[in-house]
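**Q** Input: one structure, supplied below.
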Amino acid sequence: MSAEYVLMKGNEAIAEAALRAGCRFYAGYPITPQSEILEYMSVNMEKRGGVFIQGENEIASMSMLFGAAACGARCMSSSSGPGFDLKQEEISYLSAAGIPAVIVNAMRYGLGDGEITAGQDSYWVSTRGGGHGDKRILVLAPASVQECADLTYEAFDLAEKYRNVVEILSDGAICQMIEKCYLPEPHEHDMDKFDWTLTGKPRDARKNKAYNLSYYMGYEAYDKYMREKIEAMFENEQRWESFMVEDAELVLVAYGISSRVCRSAVRQARKEGMKLGLIRPITVWPYPRKAFKDVPESVKGYVTVEMSITSQMGEDILLATEFKKPLYGCLTSKELPTVEGIIDRCRDILAGKIKPMEVL
Amino acid sequence: MADIIMAGFGGQGVLTAGKILIDIAAREGKNVSWTSSYGAEMRGGTASCSVVISDEEIGSPYPTKLDILLAFNEPSYDKFIGDMRDGGTVIVNTSLISRDSWPENVNVYGVDATDRANAVGNGRAANIVMLGAMAQATGILDVDTFSAGLNAYFDHKGRNTPKNEECYRIGANELKKL
């Protein structure tokens with residue numbers, strides 16, 4: 001990691017970290033709030049000897065990415081909201097063929113066109129989505145510009161380790177904010193190092209194909225391979241940060257921008273005598289169920305803090321807590337949560353004025 | 001250490017003022033964050049940015065209570081004055097904002113940022129006049145350190161002019177307690 005910091009936006013940190021990880025192919029289409037990723041790639045990709053393409057749309061961009069990734073190149077695309085929807089089909093195809101790639105989803109708020117400002121209501125499409133068929137996408141949720149860089153840099157290793165799609169799930173706040181960032185060291189990727197990539201057709205070449213693994217593995221072997229891969233990711237890749245949970249009465253659960261506000265809320269609440277804690281998932285798939293194992297008996301319940309109308313993360317919390325403690329919501333839809341709003345909500349919960357969520 | 005909002009209309013250099021401030025504060029070893037309100041705005045629409053400067057790790061980058069407000073125009077003053085912490089500092093651009101009285105719970109300073117920047121032929125540098133006034137009024141960073149950082153920022157951009165520092169000094173020297 002470099003000794004000097006750079007002041008940059010989350011989007012720029014993602015793009016620069018990808019280049020430093022050896023990403024040499026980017027295709028995408030502009031949409032707020034992630035367009036700085038394209039912009040950065042358009043300026044810097046060719047300088048590193050790579051290929052930048054602004055596709056005619058998201059689907060074409062992803063198809064181009066499929067081709068480059070099938071040849072072993074480190075590839076990235078990015079989008080938001082309706083643009084990210086358009087990438088679902090190709091995520092399924094990448095998953096079917098076991099082709100690694102890194103896709104960024106910078107969440108904007110709302111259905112349809114929605115808003116161009118921050119939201120967290122694309123949790124389901126990210127953690128459950130990826131198009132049709134059985135698969136799991138590794139989903140990393142940065143909560144700072146530094147994490148935008150660190151997680152993106154590592155995402156390429158994870159993608160290749162599991163031959164899986166890895167998603168960076170940021171939001172319109174984290175990707176647009178400027179903070180200090182210490183960038184990782186540049187790394188050159190050897191796209192010919194794998195035994196599964198397409199190499200062209202010289203006489204003695206491997207005859208690899210980039211289509212459903214199940215077609216040539218056979219379904220029995222393929223099912224076992226997928227099952228074991230998903231279990232390995234679930235077991236090995238859960239990441240989280242616990243903050244002041246040891247003696248908490250109520251534990252906030254939040255990722256991304258909401259988790260930043262929650263950290264401030266925990267500190268402020270403790271000054272006012274209210275013992276809040278925070279569990280911040282860094283992976284949202286696999287969901288960090290292990291984080292909830294060490295929570296003390298003193299905890300009266302969990303409060304999920306999300307920028308959504310429904311609690312999209314709530315199901316994962318209930319599974320992680322095995323329904324043993326009540327789950328409350330602090331759901332702010334298109335508005336950013338505030339320290340005061342979170343503390344007021346928790347005060348009402350502890351006073352018994354708020355019921356646990358039945359419908360998430 | 002300080003939760004700050006700078007607000008005005010598009011074109012006044014509000015967002016850049018925030019970027020200059022975090023650049024200088026970061027050089028001084030502070031933790032910083034910068035976030036902007038963005039939306040479907042047009043030229044002349046509202047623009048604001050939040051800046052947090054801290055010796056500690058920064059939690060929320062969106063402060064809801066403010067230590068410092070730089071109000072570049074009337075609507076911005078009206079929108080954010082109620083969010084000030086007691087004892088906080090407000091810098092108002094008196095070229096565009098006037099009041100018969102100012103709130104008692106905060107320290108209000110005024111400077112004719114727009115008029116004075118225009119007068120020295122650097123009309124786009126009203127933001128730098130405001131920063132000079134802020135540095136002087138708050139002592140958040142030493143006035144000369146701030147000045148050196150300002151020059152470093154524009155030198156790095158490759159488009160510095162002595163008029164930037166001139167505007168900064170005007171802000172630092174001409175602010176008035178209101």
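Residue numbering restarts at 1 for every chain of the structure tokens, chains are lettered A, B, ... in their displayed order, and ligands are numbered from 1 as they appear.
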Please list as a PyMOL selection string every residue within 10 Å of B:Met130, counting only C-alpha atoms and excluding residues in the same chain fewer than 3 positions away.
**A** chain B and resi 6+14+17+70-72+91-93+110-114+117+125-127+133-136+167-168+170-172+175
**Q** Please, which residues in stretch 175-230 of chain A fall within 8 Å of stretch 140-153 of chain A when counting only C-alpha atoms, and what is the closest atom pair and distance in Å to one decimal for each, ordered by chain then residue number, as a Markdown table?
**A**
| residue | atom | partner | partner_atom | distance |
| --- | --- | --- | --- | --- |
| A:Cys175 | CA | A:Val145 | CA | 7.4 |
| A:Met177 | CA | A:Val145 | CA | 7.4 |
| A:Ile178 | CA | A:Val145 | CA | 7.0 |
| A:Glu179 | CA | A:Val145 | CA | 5.9 |
| A:Lys180 | CA | A:Gln146 | CA | 7.1 |
| A:Cys181 | CA | A:Gln146 | CA | 4.9 |
| A:Tyr182 | CA | A:Gln146 | CA | 6.7 |
| A:Leu183 | CA | A:Ala149 | CA | 6.6 |
| A:Pro184 | CA | A:Asp150 | CA | 7.2 |
**Q** Of the candidates B:Ser60, B:Gln12, B:Ser54, B:Ser33, which shows the shortest atom-to-atom distance to A:Leu336, using only C-alpha atoms?
**A** B:Ser60
**Q** Could you list, as a list in words, every residue within 7 Å of stretch 198-203 of chain A, counting only C-alpha atoms and ignoring same-chain residues fewer than 6 positions away?
**A** Ala70, Cys71 and Lys209 of chain A
**Q** Those same residues, written as a PDB file, in the first residue's frame with C-alpha atoms?
**A**
ATOM      1  CA  ALA A  70     -13.327 -15.984 -20.950  1.00  0.00           C
ATOM      2  CA  CYS A  71      -9.806 -15.328 -22.251  1.00  0.00           C
ATOM      3  CA  LYS A 209     -15.175 -23.772 -24.240  1.00  0.00           C
TER       4      LYS A 209
END
**Q** At a cut-off of 6 Å, using only C-alpha atoms, what residues contact stretch 22-29 of chain A? Leave out same-chain residues fewer than 6 positions from it and give the result as a ChimeraX atom specification.
**A** /A:50-55,57-58,61,74-77,187-189
**Q** Listing only residues of stretch 28-67 of chain A within 12 Å of stretch 9-19 of chain A, what is the closest atom pair and its distance in Å (to one decimal) for each, using only C-alpha atoms, sorted by chain and residue number ascending, as a tab-separated table?
**A**
residue	atom	partner	partner_atom	distance
A:Thr32	CA	A:Asn11	CA	10.9
A:Pro33	CA	A:Asn11	CA	8.7
A:Gln34	CA	A:Asn11	CA	6.4
A:Ser35	CA	A:Asn11	CA	8.0
A:Glu36	CA	A:Asn11	CA	5.9
A:Ile37	CA	A:Asn11	CA	5.4
A:Leu38	CA	A:Ala15	CA	8.1
A:Glu39	CA	A:Glu12	CA	8.8
A:Tyr40	CA	A:Glu12	CA	6.4
A:Met41	CA	A:Ala15	CA	6.5
A:Ser42	CA	A:Ala15	CA	10.2
A:Val43	CA	A:Ala15	CA	10.7
A:Asn44	CA	A:Leu19	CA	8.4
A:Met45	CA	A:Leu19	CA	7.2
A:Glu46	CA	A:Leu19	CA	10.4
A:Lys47	CA	A:Leu19	CA	10.2
A:Arg48	CA	A:Leu19	CA	7.7
A:Gly49	CA	A:Leu19	CA	10.2
A:Gly50	CA	A:Leu19	CA	8.9
A:Val51	CA	A:Leu19	CA	11.1
A:Phe52	CA	A:Leu19	CA	11.3
**Q** Provide the atom CA of B:Trp34 to atom CA of B:Asp3 distance in Å, to one decimal place.
**A**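 Those two atoms sit 10.5 Å apart.
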**Q** Can you tell me which residues surround B:Asn164 at a distance of at most 8 Å, considering only C-alpha atoms, apart from same-chain residues fewer than 2 positions away, and format the answer as JSON, numbers by chain?
**A** {"B": [122, 125, 128, 151, 160, 161, 162, 166, 167, 168]}
**Q** I need the residues from that last selection saved to file as a compact mmCIF listing (two decimals), in the first residue's frame (with N, CA, C and O atoms), if you can.
**A**
# COMPACT_ATOMS: atom_id res chain seq x y z
N ASN B 122 -11.27 38.91 -10.32
CA ASN B 122 -11.20 37.45 -10.15
C ASN B 122 -12.58 36.98 -9.70
O ASN B 122 -12.74 36.40 -8.63
N ALA B 125 -13.69 33.93 -7.81
CA ALA B 125 -12.98 33.58 -6.57
C ALA B 125 -13.70 34.07 -5.31
O ALA B 125 -13.09 34.18 -4.25
N ILE B 128 -13.00 31.85 -2.59
CA ILE B 128 -11.72 31.98 -1.88
C ILE B 128 -11.78 33.10 -0.84
O ILE B 128 -11.21 33.00 0.25
N ASN B 151 -2.27 27.92 -2.24
CA ASN B 151 -1.37 28.02 -3.40
C ASN B 151 -0.96 26.64 -3.89
O ASN B 151 -0.89 26.39 -5.10
N ASN B 160 -2.68 28.44 -11.10
CA ASN B 160 -2.67 29.40 -10.00
C ASN B 160 -2.50 30.81 -10.55
O ASN B 160 -1.99 31.02 -11.64
N THR B 161 -2.98 31.78 -9.80
CA THR B 161 -2.74 33.18 -10.12
C THR B 161 -2.61 33.92 -8.80
O THR B 161 -3.23 33.53 -7.80
N PRO B 162 -1.79 34.96 -8.78
CA PRO B 162 -1.61 35.72 -7.52
C PRO B 162 -2.94 36.27 -7.00
O PRO B 162 -3.06 36.58 -5.81
N GLU B 166 -4.64 36.96 -3.25
CA GLU B 166 -5.16 38.30 -2.97
C GLU B 166 -6.60 38.19 -2.43
O GLU B 166 -6.96 38.84 -1.43
N CYS B 167 -7.40 37.37 -3.09
CA CYS B 167 -8.79 37.19 -2.64
C CYS B 167 -8.84 36.57 -1.25
O CYS B 167 -9.67 36.94 -0.41
N TYR B 168 -7.95 35.62 -1.04
CA TYR B 168 -7.90 34.98 0.27
C TYR B 168 -7.59 36.01 1.37
O TYR B 168 -8.23 36.05 2.42
**Q** Could you pull the residues within 10 Å of A:Lys300, counting only C-alpha atoms, minus those fewer than 3 positions along the same chain, as a PyMOL selection string?
**A** chain A and resi 248-251+296-297+324-327+349-350
**Q** If the cut-off is 9 Å, can you tell me the residues of chain B near chain A, counting only C-alpha atoms? I'd like them as a ChimeraX atom specification.
**A** /B:19,22-23,26,31-40,58-64
**Q** Can I get the selection written as a PDB file, in the first residue's frame, with N, CA and C atoms?
**A**
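out.pdb, freshly written:
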ATOM      1  N   LYS B  19     -13.587  21.381  -1.563  1.00  0.00           N
ATOM      2  CA  LYS B  19     -12.439  20.547  -1.974  1.00  0.00           C
ATOM      3  C   LYS B  19     -11.113  21.188  -1.572  1.00  0.00           C
ATOM      4  N   ILE B  22     -10.678  20.589   2.263  1.00  0.00           N
ATOM      5  CA  ILE B  22     -10.243  19.242   2.683  1.00  0.00           C
ATOM      6  C   ILE B  22      -8.814  18.976   2.217  1.00  0.00           C
ATOM      7  N   ASP B  23      -8.434  19.536   1.083  1.00  0.00           N
ATOM      8  CA  ASP B  23      -7.070  19.355   0.592  1.00  0.00           C
ATOM      9  C   ASP B  23      -6.070  19.905   1.600  1.00  0.00           C
ATOM     10  N   ALA B  26      -6.239  17.970   4.995  1.00  0.00           N
ATOM     11  CA  ALA B  26      -5.616  16.645   4.882  1.00  0.00           C
ATOM     12  C   ALA B  26      -4.098  16.757   4.943  1.00  0.00           C
ATOM     13  N   ASN B  31      -8.169  13.966   9.387  1.00  0.00           N
ATOM     14  CA  ASN B  31      -9.077  13.143   8.610  1.00  0.00           C
ATOM     15  C   ASN B  31     -10.147  14.056   8.025  1.00  0.00           C
ATOM     16  N   VAL B  32     -10.529  13.787   6.790  1.00  0.00           N
ATOM     17  CA  VAL B  32     -11.491  14.671   6.131  1.00  0.00           C
ATOM     18  C   VAL B  32     -12.513  13.845   5.347  1.00  0.00           C
ATOM     19  N   SER B  33     -13.699  14.415   5.194  1.00  0.00           N
ATOM     20  CA  SER B  33     -14.649  13.868   4.224  1.00  0.00           C
ATOM     21  C   SER B  33     -15.369  15.014   3.539  1.00  0.00           C
ATOM     22  N   TRP B  34     -15.747  14.781   2.301  1.00  0.00           N
ATOM     23  CA  TRP B  34     -16.444  15.781   1.474  1.00  0.00           C
ATOM     24  C   TRP B  34     -17.602  15.076   0.779  1.00  0.00           C
ATOM     25  N   THR B  35     -18.781  15.574   0.984  1.00  0.00           N
ATOM     26  CA  THR B  35     -19.923  15.041   0.241  1.00  0.00           C
ATOM     27  C   THR B  35     -20.692  16.223  -0.327  1.00  0.00           C
ATOM     28  N   SER B  36     -21.289  16.025  -1.476  1.00  0.00           N
ATOM     29  CA  SER B  36     -22.061  17.109  -2.072  1.00  0.00           C
ATOM     30  C   SER B  36     -23.500  16.669  -2.213  1.00  0.00           C
ATOM     31  N   SER B  37     -24.396  17.652  -2.170  1.00  0.00           N
ATOM     32  CA  SER B  37     -25.762  17.352  -2.552  1.00  0.00           C
ATOM     33  C   SER B  37     -25.773  17.380  -4.067  1.00  0.00           C
ATOM     34  N   TYR B  38     -26.238  16.331  -4.656  1.00  0.00           N
ATOM     35  CA  TYR B  38     -26.330  16.348  -6.110  1.00  0.00           C
ATOM     36  C   TYR B  38     -27.718  15.865  -6.481  1.00  0.00           C
ATOM     37  N   GLY B  39     -28.199  16.363  -7.570  1.00  0.00           N
ATOM     38  CA  GLY B  39     -29.525  15.981  -8.016  1.00  0.00           C
ATOM     39  C   GLY B  39     -29.699  16.551  -9.395  1.00  0.00           C
ATOM     40  N   ALA B  40     -30.937  16.669  -9.821  1.00  0.00           N
ATOM     41  CA  ALA B  40     -31.181  17.194 -11.166  1.00  0.00           C
ATOM     42  C   ALA B  40     -31.114  18.715 -11.104  1.00  0.00           C
ATOM     43  N   ILE B  58     -13.760   9.486  11.116  1.00  0.00           N
ATOM     44  CA  ILE B  58     -15.011  10.163  10.785  1.00  0.00           C
ATOM     45  C   ILE B  58     -16.136   9.144  10.646  1.00  0.00           C
ATOM     46  N   GLY B  59     -17.196   9.354  11.419  1.00  0.00           N
ATOM     47  CA  GLY B  59     -18.371   8.496  11.290  1.00  0.00           C
ATOM     48  C   GLY B  59     -19.201   8.978  10.129  1.00  0.00           C
ATOM     49  N   SER B  60     -20.333   9.618  10.446  1.00  0.00           N
ATOM     50  CA  SER B  60     -21.192  10.118   9.382  1.00  0.00           C
ATOM     51  C   SER B  60     -20.530  11.263   8.632  1.00  0.00           C
ATOM     52  N   PRO B  61     -20.450  11.167   7.306  1.00  0.00           N
ATOM     53  CA  PRO B  61     -19.939  12.288   6.522  1.00  0.00           C
ATOM     54  C   PRO B  61     -21.023  13.327   6.206  1.00  0.00           C
ATOM     55  N   TYR B  62     -22.220  13.106   6.743  1.00  0.00           N
ATOM     56  CA  TYR B  62     -23.337  14.029   6.523  1.00  0.00           C
ATOM     57  C   TYR B  62     -23.768  14.644   7.841  1.00  0.00           C
ATOM     58  N   PRO B  63     -23.051  15.668   8.321  1.00  0.00           N
ATOM     59  CA  PRO B  63     -23.411  16.246   9.610  1.00  0.00           C
ATOM     60  C   PRO B  63     -24.781  16.913   9.550  1.00  0.00           C
ATOM     61  N   THR B  64     -25.547  16.760  10.640  1.00  0.00           N
ATOM     62  CA  THR B  64     -26.853  17.419  10.707  1.00  0.00           C
ATOM     63  C   THR B  64     -26.811  18.598  11.678  1.00  0.00           C
TER      64      THR B  64
END
**Q** To one decimal place, how far is atom CA of A:Val102 from atom CA of A:Lys224 in Å?
**A** 24.3 Å
**Q** From the list B:Arg169, B:Lys163, B:Arg124, B:Lys176, which residue is nearest B:Tyr109 when using only C-alpha atoms?
**A** B:Lys176
**Q** Would you pick out the contacts of B:Ala25 at 9 Å or less, using only C-alpha atoms, so that residues sharing its chain but fewer than 5 positions from it are not included, and give the list as a PyMOL selection string?
**A** chain B and resi 20+30-32+53+141+146+149
**Q** Those same residues - all heavy atoms - I'd like them written as a PDB file, in the first residue's frame.
**A**
ATOM      1  N   ILE B  20     -11.047  22.515  -1.691  1.00  0.00           N
ATOM      2  CA  ILE B  20      -9.820  23.218  -1.271  1.00  0.00           C
ATOM      3  C   ILE B  20      -9.605  23.020   0.232  1.00  0.00           C
ATOM      4  O   ILE B  20      -8.505  22.701   0.690  1.00  0.00           O
ATOM      5  CB  ILE B  20      -9.913  24.726  -1.608  1.00  0.00           C
ATOM      6  CG1 ILE B  20      -9.921  24.926  -3.128  1.00  0.00           C
ATOM      7  CG2 ILE B  20      -8.762  25.495  -0.965  1.00  0.00           C
ATOM      8  CD1 ILE B  20     -10.252  26.353  -3.564  1.00  0.00           C
ATOM      9  N   LYS B  30      -5.149  15.952   9.130  1.00  0.00           N
ATOM     10  CA  LYS B  30      -6.509  15.708   9.612  1.00  0.00           C
ATOM     11  C   LYS B  30      -7.192  14.627   8.778  1.00  0.00           C
ATOM     12  O   LYS B  30      -6.864  14.438   7.603  1.00  0.00           O
ATOM     13  CB  LYS B  30      -7.354  16.986   9.521  1.00  0.00           C
ATOM     14  CG  LYS B  30      -6.736  18.214  10.167  1.00  0.00           C
ATOM     15  CD  LYS B  30      -6.677  18.069  11.663  1.00  0.00           C
ATOM     16  CE  LYS B  30      -6.115  19.347  12.290  1.00  0.00           C
ATOM     17  NZ  LYS B  30      -5.847  19.141  13.726  1.00  0.00           N
ATOM     18  N   ASN B  31      -8.169  13.966   9.387  1.00  0.00           N
ATOM     19  CA  ASN B  31      -9.077  13.143   8.610  1.00  0.00           C
ATOM     20  C   ASN B  31     -10.147  14.056   8.025  1.00  0.00           C
ATOM     21  O   ASN B  31     -10.599  14.995   8.694  1.00  0.00           O
ATOM     22  CB  ASN B  31      -9.728  12.057   9.472  1.00  0.00           C
ATOM     23  CG  ASN B  31      -8.739  10.980   9.844  1.00  0.00           C
ATOM     24  OD1 ASN B  31      -7.896  10.593   9.029  1.00  0.00           O
ATOM     25  ND2 ASN B  31      -8.824  10.501  11.070  1.00  0.00           N
ATOM     26  N   VAL B  32     -10.529  13.787   6.790  1.00  0.00           N
ATOM     27  CA  VAL B  32     -11.491  14.671   6.131  1.00  0.00           C
ATOM     28  C   VAL B  32     -12.513  13.845   5.347  1.00  0.00           C
ATOM     29  O   VAL B  32     -12.235  12.736   4.918  1.00  0.00           O
ATOM     30  CB  VAL B  32     -10.787  15.631   5.140  1.00  0.00           C
ATOM     31  CG1 VAL B  32      -9.843  16.570   5.871  1.00  0.00           C
ATOM     32  CG2 VAL B  32     -10.040  14.876   4.046  1.00  0.00           C
ATOM     33  N   ILE B  53     -14.008  17.691   9.236  1.00  0.00           N
ATOM     34  CA  ILE B  53     -12.571  17.696   9.526  1.00  0.00           C
ATOM     35  C   ILE B  53     -12.410  17.200  10.953  1.00  0.00           C
ATOM     36  O   ILE B  53     -13.077  17.700  11.858  1.00  0.00           O
ATOM     37  CB  ILE B  53     -11.976  19.113   9.391  1.00  0.00           C
ATOM     38  CG1 ILE B  53     -12.150  19.595   7.950  1.00  0.00           C
ATOM     39  CG2 ILE B  53     -10.513  19.136   9.805  1.00  0.00           C
ATOM     40  CD1 ILE B  53     -11.705  21.030   7.730  1.00  0.00           C
ATOM     41  N   LEU B 141      -7.594  26.412  10.969  1.00  0.00           N
ATOM     42  CA  LEU B 141      -6.204  26.178  10.578  1.00  0.00           C
ATOM     43  C   LEU B 141      -5.545  27.547  10.594  1.00  0.00           C
ATOM     44  O   LEU B 141      -6.190  28.555  10.330  1.00  0.00           O
ATOM     45  CB  LEU B 141      -6.113  25.573   9.179  1.00  0.00           C
ATOM     46  CG  LEU B 141      -6.642  24.143   9.006  1.00  0.00           C
ATOM     47  CD1 LEU B 141      -6.780  23.806   7.537  1.00  0.00           C
ATOM     48  CD2 LEU B 141      -5.721  23.143   9.695  1.00  0.00           C
ATOM     49  N   PHE B 146      -2.944  27.989   5.862  1.00  0.00           N
ATOM     50  CA  PHE B 146      -4.062  27.880   4.936  1.00  0.00           C
ATOM     51  C   PHE B 146      -3.699  28.521   3.597  1.00  0.00           C
ATOM     52  O   PHE B 146      -3.961  27.978   2.524  1.00  0.00           O
ATOM     53  CB  PHE B 146      -5.292  28.560   5.533  1.00  0.00           C
ATOM     54  CG  PHE B 146      -6.587  28.081   4.965  1.00  0.00           C
ATOM     55  CD1 PHE B 146      -7.410  27.227   5.683  1.00  0.00           C
ATOM     56  CD2 PHE B 146      -6.999  28.477   3.696  1.00  0.00           C
ATOM     57  CE1 PHE B 146      -8.611  26.781   5.156  1.00  0.00           C
ATOM     58  CE2 PHE B 146      -8.192  28.034   3.155  1.00  0.00           C
ATOM     59  CZ  PHE B 146      -9.004  27.183   3.888  1.00  0.00           C
ATOM     60  N   GLY B 149      -1.366  26.330   1.690  1.00  0.00           N
ATOM     61  CA  GLY B 149      -2.118  25.192   1.165  1.00  0.00           C
ATOM     62  C   GLY B 149      -2.958  25.571  -0.043  1.00  0.00           C
ATOM     63  O   GLY B 149      -3.106  24.802  -0.987  1.00  0.00           O
TER      64      GLY B 149
END
